[in-house]
Structure formats: C-alpha cells, structure tokens
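Encoded as structure tokens, the structure appears first; notes follow it.
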Amino acid sequence: MIPTPPPRHRLPHAPAPVSWQDGADLADGPPGPGFWAVTRHADALRVLEDPTTYSSLPGPGELPLLRRLLSHQDPPQHTRLRDHAARALTAERVRRFTETARERARTLLTRALDTARASDGVLDLACDVSDPYTALNLADLLGIPHADRRRLPGWTGPQALDDMTGYAPHLIVHRRRYPDDDLATALAHNAQLTSDELQLLVPLLLTTGLAPMRDAAAGGLALLAEHPEAYRSLRDGTAELCSAIEELLRLHPPLLTLRRTAATDSELAGRRIRRGDTVVVSLAAAHRDDRVFTGPDRLDLARTPNPHLSLGAGPHLCLGADFARLQLRVLFEEVLRVLPELRLAGPVLSSGSGVTDGVASLPVLAG
C-alpha cells in the first residue's frame, strides 16, 4: 500500500461526525446561514439513501433553475424519469461503445505524443487527452450533432446551466427528425415522456456526464502519476485495473460534496437537524473514514471491499456508472499501453472549487 497526501478539501472545522458550519456550503458560493457538515461514512450513506428526510430539491439560496434537473428531484417523479433513462442506457448500448472509446483514446494519445516528441517532450494528459476523450464520448452517446460540439467546453461550470437547458429542446427536435443509435433518439421517441420531462433528462445527462467524468479521468491519472509504484504495478500485472479504478475514485471523487435539504425534523449522529436546514455530505471526508476503510490515507489498488460513494448512493446512484467505469478502464488501458512510465513534467494544476477537485493541467513526459 502506498501513502498518499491528505485531501486538500478536508473540512478543517468539523470536530464531530455531524457539525454545524457557519457560512456558505460551497467554497465559491455566496455567504449563507450555515449548514450541517456530514463527514462519517455511515451518516453520509444514511443521508443519501433517505430522500424522504433529506431532499434533493433545491433549498433556500439555490438557483430555481436547478428544479429542472433530474438530479434535484425526489421520488416518485425522480424514480419514474430515472427508470425511463435507464431503459435507454442499456448494458448492450454501453458494451457496444467500447471500441469507439478505445479508438478515440488511441487517436488522442497518438496525436498528443507526436506533438510532444516534436517539441519539448511534454504532453498534457488532461487538456490534450482525457478532457476531449470524456467530452466526445458523451457527445456520441447522447447524440449531439458534430456542429454543436463546440459548445461542450463551456458546459462544465454552474454558469452553463441556462445554456444546457436551452439546448435540450433543440437536441430533442433534431433527433426526432434525424434518429440515430443514441440516447437522445431513444428518449425523444419515448411516447411516455412529455416535452417537459425530456427537458429534465437531457440537461441531467450533460451535467453529470461532462464535468464529473472529466474530473474522474484526469484525477485518476494524476494519482497514478504521483504514485509511480502503483503505475508500475498496473503495467506489470501485479495490480488489477478494475479494482484500481474503484480506489482511484475513492481518493479522487469527481464531486467533493453532495447537498441536501432537511424535509423534516430529524436526528443525525446525535445532532438535531431542523426542517429547512442545509445538509452537506463531504465525500472526501467519508472516504477517509477509518471505521470503513483500513489505512484510509493510503492508495491501495487491491482494496476490497471498497464502498466509496463517488458514484452516489440510494435513488441518486449514478445512472451512467457502467459507462463511467468503461471510459476509465479503456483510457487507463491505453495510457498504460503507450507510456512505460507516467512521469510528471511539472506541477499538477487544480481547477477545483468547493464542489469539484478537477485537474486543469497534467503535464507528463512523452518518454
């Protein structure tokens, strides 16, 4: 097992598993009345699995537009729409995507390596490979026309929500007129879904499939670059990639926190939570809970079981979890194939906020 630095985003003023924090619940958010920070794995799981008590609906101070996202809905509305989306995102559809993802990873890596070797010998695995890889994979899966893909880089921040929700009707109309083998076509031709419901589903797939997948891919590669012994163990076959992916997701969750609003008075870890209070689950802290994870600050590629919450839990368990794992597996396989060593050529630059721990730049030697 390999030691890894403590997370930059551990809540510094959380003396108890559930503690009151003054101010905004997001590092880059406006001042707020405060929130309950949940840092223990068992309490995090309880919050995420109980939508009746801890609602996903937008709370005070959150953008009203969030109500149009499926991720900010509660059962039974959420359950019904999620089931329709799940039937469109079939295991067979995901499986068929494997070779498309592999060809894209190889193309991007080859291009980046050729450019690096012709110049200073440094390639940026985040900017040049993993970012376009994850964005274009989602575009193919969802069915975004090539002419519209220039919009993708701008759809990875909260300010993009208006643009994404405004784009949804355009995509639905396009796929009704020009059907193809993609999610938007499957959803647009589902007679049981209304136009309003489709406009909940399309932005959800964009918001959950773009920034979180980008951050998971680049974050996992950054961890491997910072732990050369782990990378070598994957190269020589002494570590197994599928279990390694789960550990990389644990130590670098694409979302650092998940926010809920108390729908009723409750008690959590001995603390009285009142109706209307904001409750913020810190995934980064829950993943370092030594009651659940032995040696939680270590990178252990063979860790099992590994009940991390990076892909959600309860009714909001990630709809595209299988697709996410497929993308990570294929990308990491191709990086391992072409780079005998993953050696940093400079500092790993973060693009993270209070919500994500994104990697803006990951410079490595081309070899």
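In the structure tokens, chains take the letters A, B, ... in the order shown, each chain's residues start at 1, and ligands count up from 1 in the order shown.
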
Out of range 196-270 of chain A, which residues get alpha helix (DSSP H) from DSSP, as a ChimeraX atom specification? /A:196-209,211-226,228-235,241-251

Would you tabulate, counting only C-alpha atoms, all residues of range 155-260 of chain A that have an atom at most 10 Å from an atom of range 82-98 of chain A, showing the closest pair of atoms and their distance in Å to one decimal, sorted by chain then ascending number, as JSON lines?
{"residue": "A:Asp181", "atom": "CA", "partner": "A:Arg93", "partner_atom": "CA", "distance": 8.7}
{"residue": "A:Asp182", "atom": "CA", "partner": "A:Arg93", "partner_atom": "CA", "distance": 8.4}
{"residue": "A:Leu183", "atom": "CA", "partner": "A:Ala88", "partner_atom": "CA", "distance": 6.1}
{"residue": "A:Ala184", "atom": "CA", "partner": "A:Ala88", "partner_atom": "CA", "distance": 8.8}
{"residue": "A:Thr185", "atom": "CA", "partner": "A:Ala88", "partner_atom": "CA", "distance": 9.2}
{"residue": "A:Ala186", "atom": "CA", "partner": "A:Ala88", "partner_atom": "CA", "distance": 5.9}
{"residue": "A:Leu187", "atom": "CA", "partner": "A:Ala88", "partner_atom": "CA", "distance": 6.8}
{"residue": "A:Asn190", "atom": "CA", "partner": "A:His84", "partner_atom": "CA", "distance": 8.4}
{"residue": "A:Gln192", "atom": "CA", "partner": "A:His84", "partner_atom": "CA", "distance": 8.7}
{"residue": "A:Leu193", "atom": "CA", "partner": "A:His84", "partner_atom": "CA", "distance": 8.3}
{"residue": "A:Leu198", "atom": "CA", "partner": "A:Ala85", "partner_atom": "CA", "distance": 9.7}
{"residue": "A:Leu201", "atom": "CA", "partner": "A:Ala85", "partner_atom": "CA", "distance": 7.4}
{"residue": "A:Val202", "atom": "CA", "partner": "A:Ala85", "partner_atom": "CA", "distance": 9.6}
{"residue": "A:Leu205", "atom": "CA", "partner": "A:Ala85", "partner_atom": "CA", "distance": 9.3}

Atomic separation - CA of Arg177 in chain A relative to CA of His189 in chain A, Å: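 Answer for the CA of His189 in chain A to CA of Arg177 in chain A separation: 10.2 Å.
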
So the first atom is CA of Gly320 in chain A and the second is CA of Gly209 in chain A; what is the distance between them in Å, to one decimal place?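 So the answer is 7.8 Å.
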
Going by DSSP on the backbone, which bits of range 37-251 of chain A are strand (DSSP E or B)? Write them as a ChimeraX atom specification, please. /A:37-38,54-55,122-124

File dump, residues just selected, N, CA and C atoms, as a compact mmCIF listing (two decimals), in the first residue's frame:
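Written file, part-v7.txt:
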# COMPACT_ATOMS: atom_id res chain seq x y z
N ALA A 37 -22.35 19.80 8.27
CA ALA A 37 -21.34 19.03 7.55
C ALA A 37 -21.38 17.59 8.03
N VAL A 38 -21.51 16.66 7.09
CA VAL A 38 -21.57 15.23 7.40
C VAL A 38 -20.29 14.60 6.89
N TYR A 54 -34.11 13.76 3.71
CA TYR A 54 -33.09 14.67 3.18
C TYR A 54 -33.33 14.83 1.68
N SER A 55 -33.98 15.90 1.32
CA SER A 55 -34.47 16.09 -0.04
C SER A 55 -33.39 16.63 -0.97
N VAL A 122 6.83 17.10 -23.74
CA VAL A 122 5.84 17.12 -22.66
C VAL A 122 4.44 17.14 -23.26
N LEU A 123 3.56 16.27 -22.76
CA LEU A 123 2.16 16.33 -23.16
C LEU A 123 1.30 16.55 -21.94
N ASP A 124 0.17 17.17 -22.15
CA ASP A 124 -0.77 17.45 -21.05
C ASP A 124 -1.88 16.41 -21.13

12 Å contact set for Ile245 in chain A, only C-alpha atoms, chain neighbours under 6 positions out, as a count of residues only: 33

Best match for closeness to Ala345 in chain A among A:His78, A:Asp140, A:Ala116, A:Thr53, counting only C-alpha atoms: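 Comparing A:His78, A:Asp140, A:Ala116, A:Thr53 against Ala345 in chain A, the winner is A:Ala116.
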
Go ahead and compute the interatomic distance for CA of Gly154 in chain A and CA of Ala211 in chain A, in Å to one decimal. 10.3 Å

Tell me which of A:Arg235, A:Arg337, A:Arg260, A:Arg298 sits closest to Gln73 in chain A, counting only C-alpha atoms.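 Closest to Gln73 in chain A, using only C-alpha atoms: A:Arg260.
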
Give me the residues within 10 Å of Leu109 in chain A as a PyMOL selection string, counting only C-alpha atoms and dropping any in the same chain fewer than 3 places off. chain A and resi 103-106+112-115+123+125+128-130+133+331+334-335+338-339
